[in-house]
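A quick write-up on the structure given underneath.
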Amino acid sequence: MIRLAIVGLGKIARDQHLPAIEKTGGIELVAIASRNATLDGIPHFASLDELLASDVAVDAVALCTPPQVRRQQAALALSHGKHVLLEKPPGATVSELAPLIAAARASGRTLFATWHSRFAPAVAPARAFLAEHAPRAVSVEWKEDVRVWHPGQDWIFEPGGLGVFDPGINALSILTHILPAPFFLTRATLGFPENRDAPIEAALDFADSAGVPIRAELDFLQTGPQTWDIHVETDAGRLTLSLGGAKLFLDGKALIEEPEAEYPGIYKHFVDLVARGASDVDLAPLQHVADAFLLGRRIVVAPFEG
Ligand code: NAP
């Protein structure tokens with residue numbers, strides 16, 4: 001049985017991690033390390049340092065803090081011989097992952113950089129479909145209202161918080177998993193509110209080596225219906241993943257409509273990785289975001305007051 005501590009008991013920890021841990025065999029929650037938040041009946045520590053100095057035995061930590069503080073927490077946990085599960089994105093930079101991967105390898109511990117959208121029910125079937133039917137063009141619309149989904153989360157517009165790429169990286173995590181060929185950024189425009197340090201909108205063009213065009217539009221100010229859709233034109237018709245990978249359609253006909261189970265999938269995989277002494281760290285989605293910051297043309301848009 002893996003004895004797990006959650007670090008950073010915020011929105012995603014409460015909404016998804018707690019119920020998923022409850023449902024997963026082979027893992028149990030034994031502690032919380034969070035500066036302010038506590039959970040009835042579970043030992044609480046104000047920091048990871050305090051937890052590691054205590055007599056509560058833990059084998060693993062799930063880091064559900066904002067990305068800007070995760071590297072230091074992951075390094076500390078690995079140096080104490082703990083397995084580490086990282087919320088997405090795995091860090092505030094791409095390069096900060098290399099020492100963590102090396103530390104996990106050296107200590108024989110598991111490092112798992114989660115991409116929760118890859119566990120959505122339509123993603124594996126879409127990948128299998130696209131292995132048989134080559135994509136001809138791809139378009140992504142990832143448009144949600146930050147005021148609804150991230151109320152009061154100032155870190156998201158601070159450096160390293162990724163802004164609209166915080167949800168947008170989920171689309172990139174799906175694309176990098178389902179498309180049969182690697183792709184690369186060719187052009188990007190990022191809209192930064194004049195009072196913030198991270199973009200609130202982005203338009204991205206990618207291509208693969210065969211020239212298949214991939215267009216992604218990200219918006220963090222979407223009112224009305226929220227859109228998390230990926231469309232892929234193929235020789236067999238138009239494949240659509242909608243609702244963040246929950247549903248799959250071919251030419252409008254439903255192929256997959258299953259209940260959401262991303263986080264139970266994440267924890268099942270984590271238990272399996274620990275049992276096998278393996279790690280799972282794919283940096284491709286974060287690399288694409290870094291490329292957008294490198295290549296993207298920056299425009300200034302209206303201030304965001306939250
Ligand atoms: P959140 O609600 O702000 O929760 C993060 C928690 O971490 C905070 O409640 C806070 O708890 C702690 N924390 C904040 N700043 C910290 C700091 N500087 N140092 C140490 N601890 C700090 O954020 P969230 O929405 O749960 O997102 C956390 C991560 O999960 C993000 O990377 C996000 O991309 C990912 N995620 C979020 C969602 C979602 O729907 N919200 C979905 C999937 C993935 P204390 O004040 O108690 O320390």
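The way I read the labels, and the way they are meant: chains A, B, ... in the order of the structure tokens, residue 1 as the first residue of every chain, and ligand 1 as the first ligand shown, with later ones counted on from there.
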### Task
Write as number ranges by chain the residues around ligand 1, taking 8 Å as the cut-off and counting only C-alpha atoms and all ligand atoms.
A: 7-15, 33-38, 46-47, 64-69, 87-90, 116, 149-150, 152-155, 161, 166-167
Please produce an output containing C-alpha atoms for each residue in the selection, written as a PDB file, in the first residue's frame.
ATOM      1  CA  VAL A   7       0.877  18.843  -1.160  1.00  0.00           C
ATOM      2  CA  GLY A   8      -1.233  21.946  -1.936  1.00  0.00           C
ATOM      3  CA  LEU A   9      -4.839  21.204  -1.011  1.00  0.00           C
ATOM      4  CA  GLY A  10      -6.538  23.527  -3.511  1.00  0.00           C
ATOM      5  CA  LYS A  11      -9.195  23.183  -6.197  1.00  0.00           C
ATOM      6  CA  ILE A  12      -7.854  20.240  -8.183  1.00  0.00           C
ATOM      7  CA  ALA A  13      -6.757  18.330  -5.077  1.00  0.00           C
ATOM      8  CA  ARG A  14     -10.268  18.558  -3.601  1.00  0.00           C
ATOM      9  CA  ASP A  15     -12.247  18.157  -6.839  1.00  0.00           C
ATOM     10  CA  ALA A  33       0.920  19.480   3.482  1.00  0.00           C
ATOM     11  CA  SER A  34      -0.706  22.816   2.691  1.00  0.00           C
ATOM     12  CA  ARG A  35      -0.041  26.249   4.165  1.00  0.00           C
ATOM     13  CA  ASN A  36      -3.686  26.953   4.986  1.00  0.00           C
ATOM     14  CA  ALA A  37      -6.031  24.156   3.942  1.00  0.00           C
ATOM     15  CA  THR A  38      -6.739  21.168   6.166  1.00  0.00           C
ATOM     16  CA  ALA A  46       1.958  23.633   6.939  1.00  0.00           C
ATOM     17  CA  SER A  47       4.766  22.657   4.545  1.00  0.00           C
ATOM     18  CA  CYS A  64      -1.000  19.871  -6.492  1.00  0.00           C
ATOM     19  CA  THR A  65       0.592  23.278  -5.904  1.00  0.00           C
ATOM     20  CA  PRO A  66       1.013  25.880  -8.670  1.00  0.00           C
ATOM     21  CA  PRO A  67       3.800  25.065 -11.164  1.00  0.00           C
ATOM     22  CA  GLN A  68       6.116  27.835  -9.937  1.00  0.00           C
ATOM     23  CA  VAL A  69       6.826  26.034  -6.636  1.00  0.00           C
ATOM     24  CA  GLU A  87       0.118  17.868 -11.511  1.00  0.00           C
ATOM     25  CA  LYS A  88       0.230  19.388 -14.986  1.00  0.00           C
ATOM     26  CA  PRO A  89       2.127  21.322 -16.212  1.00  0.00           C
ATOM     27  CA  PRO A  90       5.134  19.472 -14.754  1.00  0.00           C
ATOM     28  CA  HIS A 116      -4.933  14.258 -17.031  1.00  0.00           C
ATOM     29  CA  TRP A 149     -12.724  27.953 -13.670  1.00  0.00           C
ATOM     30  CA  HIS A 150      -9.884  29.721 -11.838  1.00  0.00           C
ATOM     31  CA  GLY A 152      -8.873  34.065  -7.362  1.00  0.00           C
ATOM     32  CA  GLN A 153      -5.913  32.041  -8.719  1.00  0.00           C
ATOM     33  CA  ASP A 154      -3.463  34.916  -9.185  1.00  0.00           C
ATOM     34  CA  TRP A 155      -0.557  32.522  -9.841  1.00  0.00           C
ATOM     35  CA  GLY A 161       1.698  30.322 -14.482  1.00  0.00           C
ATOM     36  CA  ASP A 166      -2.790  26.366 -18.284  1.00  0.00           C
ATOM     37  CA  PRO A 167      -5.898  24.829 -19.931  1.00  0.00           C
TER      38      PRO A 167
END
### Task
Mind checking which residues fall within 10 Å of Lys253 of chain A, counting only C-alpha atoms, ignoring those fewer than 2 positions away in the same chain, and posting them as a list in words?
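Residues near the query, excluding close chain neighbours: Arg238, Leu239, Thr240, Leu248, Phe249, Leu250, Asp251, Leu255 and Ile256 of chain A.
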Pick out the residues sitting within 8 Å of Val271 of chain A, and hand them over as a PDB file with N, CA, C and O atoms, in the first residue's frame; count only C-alpha atoms, and ignore anything fewer than 2 positions along from it in its own chain.
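As written to disk, part-v2.pdb reads:
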ATOM      1  N   ILE A   2       0.668   2.128  -0.991  1.00  0.00           N
ATOM      2  CA  ILE A   2       1.444   3.376  -1.065  1.00  0.00           C
ATOM      3  C   ILE A   2       0.805   4.397  -0.120  1.00  0.00           C
ATOM      4  O   ILE A   2      -0.379   4.727  -0.260  1.00  0.00           O
ATOM      5  N   GLY A  26      -4.472   0.100  -3.627  1.00  0.00           N
ATOM      6  CA  GLY A  26      -3.014   0.147  -3.556  1.00  0.00           C
ATOM      7  C   GLY A  26      -2.442   1.481  -3.140  1.00  0.00           C
ATOM      8  O   GLY A  26      -1.218   1.650  -3.091  1.00  0.00           O
ATOM      9  N   ILE A  27      -3.323   2.468  -2.839  1.00  0.00           N
ATOM     10  CA  ILE A  27      -2.820   3.778  -2.426  1.00  0.00           C
ATOM     11  C   ILE A  27      -3.782   4.376  -1.404  1.00  0.00           C
ATOM     12  O   ILE A  27      -5.002   4.204  -1.528  1.00  0.00           O
ATOM     13  N   TYR A 267      -4.262   7.731 -11.079  1.00  0.00           N
ATOM     14  CA  TYR A 267      -3.778   7.053  -9.870  1.00  0.00           C
ATOM     15  C   TYR A 267      -3.515   5.568 -10.112  1.00  0.00           C
ATOM     16  O   TYR A 267      -2.574   4.987  -9.539  1.00  0.00           O
ATOM     17  N   LYS A 268      -4.326   4.945 -10.970  1.00  0.00           N
ATOM     18  CA  LYS A 268      -4.075   3.527 -11.313  1.00  0.00           C
ATOM     19  C   LYS A 268      -2.694   3.416 -11.979  1.00  0.00           C
ATOM     20  O   LYS A 268      -1.906   2.525 -11.666  1.00  0.00           O
ATOM     21  N   HIS A 269      -2.412   4.353 -12.885  1.00  0.00           N
ATOM     22  CA  HIS A 269      -1.113   4.338 -13.577  1.00  0.00           C
ATOM     23  C   HIS A 269       0.028   4.599 -12.591  1.00  0.00           C
ATOM     24  O   HIS A 269       1.087   3.962 -12.677  1.00  0.00           O
ATOM     25  N   LEU A 273       3.184   2.295 -11.940  1.00  0.00           N
ATOM     26  CA  LEU A 273       4.565   2.770 -12.130  1.00  0.00           C
ATOM     27  C   LEU A 273       5.420   2.461 -10.900  1.00  0.00           C
ATOM     28  O   LEU A 273       6.558   1.990 -11.017  1.00  0.00           O
ATOM     29  N   VAL A 274       4.859   2.733  -9.712  1.00  0.00           N
ATOM     30  CA  VAL A 274       5.611   2.490  -8.476  1.00  0.00           C
ATOM     31  C   VAL A 274       5.924   0.992  -8.355  1.00  0.00           C
ATOM     32  O   VAL A 274       7.055   0.598  -8.035  1.00  0.00           O
ATOM     33  N   ALA A 275       4.930   0.160  -8.664  1.00  0.00           N
ATOM     34  CA  ALA A 275       5.134  -1.297  -8.564  1.00  0.00           C
ATOM     35  C   ALA A 275       6.234  -1.755  -9.514  1.00  0.00           C
ATOM     36  O   ALA A 275       7.004  -2.670  -9.206  1.00  0.00           O
TER      37      ALA A 275
END
### Query
What residues in segment 46-96 of chain A get the DSSP label strand (DSSP E or B)? Please answer as a ChimeraX atom specification.
/A:60-63,83-86
Could you dump the residues just selected with C-alpha atoms as a compact mmCIF listing (two decimals), in the first residue's frame?
# COMPACT_ATOMS: atom_id res chain seq x y z
CA ALA A 60 4.82 9.29 -2.11
CA VAL A 61 3.63 12.85 -2.60
CA ALA A 62 1.15 14.28 -5.07
CA LEU A 63 2.18 17.87 -5.83
CA HIS A 83 7.84 8.84 -5.19
CA VAL A 84 6.47 11.99 -6.83
CA LEU A 85 3.30 12.66 -8.82
CA LEU A 86 3.30 16.06 -10.52
### Message
Just to confirm, what's the straight-line distance from atom CA of Leu190 of chain A to atom CA of Leu243 of chain A in Å (one decimal)?
### Response
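Separation of atom CA of Leu190 of chain A and atom CA of Leu243 of chain A: 23.6 Å.
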### Query
atom CA of Val146 of chain A and atom CA of Ile6 of chain A, how far apart in Å?
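Between atom CA of Ile6 of chain A and atom CA of Val146 of chain A the gap is 24.5 Å.
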### Task
Measuring atom to atom with only C-alpha atoms, identify which of A:Leu4, A:Ala137, A:Lys143, A:Phe192 is nearest to Phe157 of chain A.
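Looking at the shortest contact to Phe157 of chain A, the residue is A:Phe192.
For Val123 of chain A, the residues within 10 Å (counting only C-alpha atoms, excluding itself and residues fewer than 4 positions away along the chain) are Ser117, Arg118, Phe119, Arg127, Ala128, Phe129, Ile174, Leu175, His177, Ile178, Leu241, Gly244, Gly245, Ala246, Lys247, Leu248 and Ile256 of chain A.
The residue set within 8 Å of Arg187 of chain A, counting only C-alpha atoms and dropping same-chain residues fewer than 3 places from it, reads Leu204, Asp205, Phe206, Ala292, Leu295 and Gly296 of chain A.
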Take the residues that were just selected and, keeping N, CA and C atoms, output them as a PDB file, in the first residue's frame.
ATOM      1  N   LEU A 204      -2.172  29.612 -32.553  1.00  0.00           N
ATOM      2  CA  LEU A 204      -0.949  28.849 -32.808  1.00  0.00           C
ATOM      3  C   LEU A 204      -1.085  28.080 -34.109  1.00  0.00           C
ATOM      4  N   ASP A 205      -0.042  28.084 -34.916  1.00  0.00           N
ATOM      5  CA  ASP A 205       0.007  27.244 -36.107  1.00  0.00           C
ATOM      6  C   ASP A 205       1.182  26.292 -35.978  1.00  0.00           C
ATOM      7  N   PHE A 206       0.861  25.016 -36.188  1.00  0.00           N
ATOM      8  CA  PHE A 206       1.890  23.979 -36.182  1.00  0.00           C
ATOM      9  C   PHE A 206       1.837  23.254 -37.529  1.00  0.00           C
ATOM     10  N   ALA A 292       6.032  28.434 -28.014  1.00  0.00           N
ATOM     11  CA  ALA A 292       5.109  29.550 -28.277  1.00  0.00           C
ATOM     12  C   ALA A 292       5.631  30.835 -27.639  1.00  0.00           C
ATOM     13  N   LEU A 295       8.703  31.861 -29.989  1.00  0.00           N
ATOM     14  CA  LEU A 295       8.458  32.281 -31.374  1.00  0.00           C
ATOM     15  C   LEU A 295       7.302  33.272 -31.488  1.00  0.00           C
ATOM     16  N   GLY A 296       6.446  33.260 -30.463  1.00  0.00           N
ATOM     17  CA  GLY A 296       5.184  33.988 -30.588  1.00  0.00           C
ATOM     18  C   GLY A 296       5.356  35.500 -30.669  1.00  0.00           C
TER      19      GLY A 296
END
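The shortest atom-to-atom distance to Pro121 of chain A, with only C-alpha atoms taken into account, belongs to A:Ser242 out of A:Ser173, A:Thr227, A:Thr189, A:Ser242.
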So which residues touch Leu185 of chain A within 12 Å, counting only C-alpha atoms, skipping near sequence neighbours fewer than 3 positions away, as a short mmCIF file (atom, residue, chain, number, x, y, z; two decimals) with N, CA and C atoms, in the first residue's frame?
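Result file is selection-v1.cif:
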data_model
loop_
_atom_site.label_atom_id
_atom_site.label_comp_id
_atom_site.auth_asym_id
_atom_site.auth_seq_id
_atom_site.Cartn_x
_atom_site.Cartn_y
_atom_site.Cartn_z
N LEU A 172 -2.73 20.33 -26.00
CA LEU A 172 -1.43 19.90 -26.54
C LEU A 172 -1.06 18.51 -26.02
N PRO A 182 5.27 13.53 -35.01
CA PRO A 182 5.58 14.72 -34.23
C PRO A 182 5.31 15.99 -35.03
N ALA A 188 2.95 31.94 -34.04
CA ALA A 188 2.06 32.09 -32.88
C ALA A 188 1.85 33.56 -32.59
N THR A 189 0.66 33.88 -32.11
CA THR A 189 0.37 35.22 -31.59
C THR A 189 -0.18 35.05 -30.18
N ALA A 203 -3.13 32.24 -30.58
CA ALA A 203 -3.42 31.55 -31.85
C ALA A 203 -2.12 30.91 -32.30
N LEU A 204 -2.17 29.61 -32.55
CA LEU A 204 -0.95 28.85 -32.81
C LEU A 204 -1.09 28.08 -34.11
N ASP A 205 -0.04 28.08 -34.92
CA ASP A 205 0.01 27.24 -36.11
C ASP A 205 1.18 26.29 -35.98
N PHE A 206 0.86 25.02 -36.19
CA PHE A 206 1.89 23.98 -36.18
C PHE A 206 1.84 23.25 -37.53
N ALA A 207 2.88 22.48 -37.80
CA ALA A 207 2.84 21.56 -38.95
C ALA A 207 3.65 20.33 -38.58
N ASP A 208 3.42 19.24 -39.31
CA ASP A 208 4.34 18.11 -39.15
C ASP A 208 5.22 18.03 -40.39
N SER A 209 6.10 17.05 -40.44
CA SER A 209 7.07 17.05 -41.54
C SER A 209 6.40 16.77 -42.88
N GLY A 211 3.70 18.29 -43.67
CA GLY A 211 3.00 19.53 -43.98
C GLY A 211 1.55 19.58 -43.52
N VAL A 212 1.11 18.62 -42.72
CA VAL A 212 -0.27 18.64 -42.21
C VAL A 212 -0.43 19.88 -41.31
N PRO A 213 -1.40 20.75 -41.64
CA PRO A 213 -1.55 21.96 -40.83
C PRO A 213 -2.33 21.68 -39.54
N ILE A 214 -1.86 22.31 -38.47
CA ILE A 214 -2.52 22.16 -37.16
C ILE A 214 -2.71 23.57 -36.62
N ARG A 215 -3.97 23.95 -36.39
CA ARG A 215 -4.28 25.31 -35.94
C ARG A 215 -4.92 25.21 -34.56
N ALA A 216 -4.46 26.01 -33.62
CA ALA A 216 -5.08 25.98 -32.28
C ALA A 216 -5.43 27.40 -31.85
N ALA A 284 6.77 16.83 -24.00
CA ALA A 284 6.40 17.39 -25.30
C ALA A 284 5.35 18.51 -25.19
N PRO A 285 4.28 18.36 -24.39
CA PRO A 285 3.31 19.47 -24.33
C PRO A 285 3.92 20.76 -23.78
N GLN A 287 7.06 21.59 -23.93
CA GLN A 287 8.00 22.11 -24.93
C GLN A 287 7.28 22.97 -25.96
N HIS A 288 6.08 22.53 -26.37
CA HIS A 288 5.32 23.34 -27.33
C HIS A 288 4.94 24.70 -26.74
N VAL A 289 4.60 24.72 -25.46
CA VAL A 289 4.27 26.00 -24.82
C VAL A 289 5.51 26.89 -24.78
N ALA A 290 6.65 26.30 -24.42
CA ALA A 290 7.90 27.07 -24.38
C ALA A 290 8.20 27.63 -25.77
N ASP A 291 7.95 26.83 -26.81
CA ASP A 291 8.18 27.30 -28.19
C ASP A 291 7.27 28.49 -28.51
N ALA A 292 6.03 28.43 -28.01
CA ALA A 292 5.11 29.55 -28.28
C ALA A 292 5.63 30.83 -27.64
N PHE A 293 6.21 30.71 -26.44
CA PHE A 293 6.79 31.90 -25.80
C PHE A 293 8.04 32.37 -26.55
N LEU A 294 8.77 31.43 -27.19
CA LEU A 294 9.98 31.79 -27.94
C LEU A 294 9.66 32.47 -29.27
N LEU A 295 8.70 31.86 -29.99
CA LEU A 295 8.46 32.28 -31.37
C LEU A 295 7.30 33.27 -31.49
N GLY A 296 6.45 33.26 -30.46
CA GLY A 296 5.18 33.99 -30.59
C GLY A 296 5.36 35.50 -30.67
#
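Distances to Gly191 of chain A were evaluated for A:Glu262, A:Glu158, A:Asp219, A:Glu141 using only C-alpha atoms, and the minimum falls at A:Asp219.
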### Task
Check segment 157-289 of chain A with DSSP on the backbone and list each residue it calls alpha helix (DSSP H), as a PyMOL selection string.
chain A and resi 165-178+262-276+284-289
Selected residues, C-alpha atoms, written as a PDB file, in the first residue's frame, please.
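And here's part_0.pdb as it stands now:
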ATOM      1  CA  PHE A 165      -1.813  27.737 -21.708  1.00  0.00           C
ATOM      2  CA  ASP A 166      -2.790  26.366 -18.284  1.00  0.00           C
ATOM      3  CA  PRO A 167      -5.898  24.829 -19.931  1.00  0.00           C
ATOM      4  CA  GLY A 168      -4.429  24.977 -23.455  1.00  0.00           C
ATOM      5  CA  ILE A 169      -1.622  22.592 -22.535  1.00  0.00           C
ATOM      6  CA  ASN A 170      -4.318  19.953 -22.038  1.00  0.00           C
ATOM      7  CA  ALA A 171      -5.149  20.183 -25.749  1.00  0.00           C
ATOM      8  CA  LEU A 172      -1.433  19.899 -26.538  1.00  0.00           C
ATOM      9  CA  SER A 173      -1.171  16.864 -24.258  1.00  0.00           C
ATOM     10  CA  ILE A 174      -3.938  15.190 -26.270  1.00  0.00           C
ATOM     11  CA  LEU A 175      -2.519  16.205 -29.676  1.00  0.00           C
ATOM     12  CA  THR A 176       0.988  14.982 -28.855  1.00  0.00           C
ATOM     13  CA  HIS A 177      -0.562  11.660 -27.832  1.00  0.00           C
ATOM     14  CA  ILE A 178      -3.051  11.018 -30.656  1.00  0.00           C
ATOM     15  CA  GLU A 262      -9.345  10.888 -15.788  1.00  0.00           C
ATOM     16  CA  TYR A 263      -8.000  10.992 -12.236  1.00  0.00           C
ATOM     17  CA  PRO A 264      -8.802   7.366 -11.317  1.00  0.00           C
ATOM     18  CA  GLY A 265      -6.814   6.542 -14.488  1.00  0.00           C
ATOM     19  CA  ILE A 266      -3.939   8.719 -13.288  1.00  0.00           C
ATOM     20  CA  TYR A 267      -3.778   7.053  -9.870  1.00  0.00           C
ATOM     21  CA  LYS A 268      -4.075   3.527 -11.313  1.00  0.00           C
ATOM     22  CA  HIS A 269      -1.113   4.338 -13.577  1.00  0.00           C
ATOM     23  CA  PHE A 270       0.855   5.809 -10.650  1.00  0.00           C
ATOM     24  CA  VAL A 271       0.346   2.666  -8.543  1.00  0.00           C
ATOM     25  CA  ASP A 272       1.475   0.583 -11.511  1.00  0.00           C
ATOM     26  CA  LEU A 273       4.565   2.770 -12.130  1.00  0.00           C
ATOM     27  CA  VAL A 274       5.611   2.490  -8.476  1.00  0.00           C
ATOM     28  CA  ALA A 275       5.134  -1.297  -8.564  1.00  0.00           C
ATOM     29  CA  ARG A 276       7.333  -1.515 -11.661  1.00  0.00           C
ATOM     30  CA  ALA A 284       6.395  17.391 -25.304  1.00  0.00           C
ATOM     31  CA  PRO A 285       3.308  19.468 -24.331  1.00  0.00           C
ATOM     32  CA  LEU A 286       5.390  21.828 -22.159  1.00  0.00           C
ATOM     33  CA  GLN A 287       8.004  22.110 -24.929  1.00  0.00           C
ATOM     34  CA  HIS A 288       5.318  23.341 -27.327  1.00  0.00           C
ATOM     35  CA  VAL A 289       4.274  26.004 -24.818  1.00  0.00           C
TER      36      VAL A 289
END
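For the pair atom CA of Glu217 of chain A and atom CA of Val140 of chain A, the interatomic distance is 6.1 Å.
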### Query
From the list A:Ala5, A:Ala124, A:Ala98, A:Leu76, which residue is nearest Ala57 of chain A when using only C-alpha atoms?
A:Ala5
### Query
Phe112 of chain A: which residues within 6 Å, counting only C-alpha atoms, same-chain residues fewer than 6 positions away excluded, as a PyMOL selection string?
chain A and resi 85+279-281
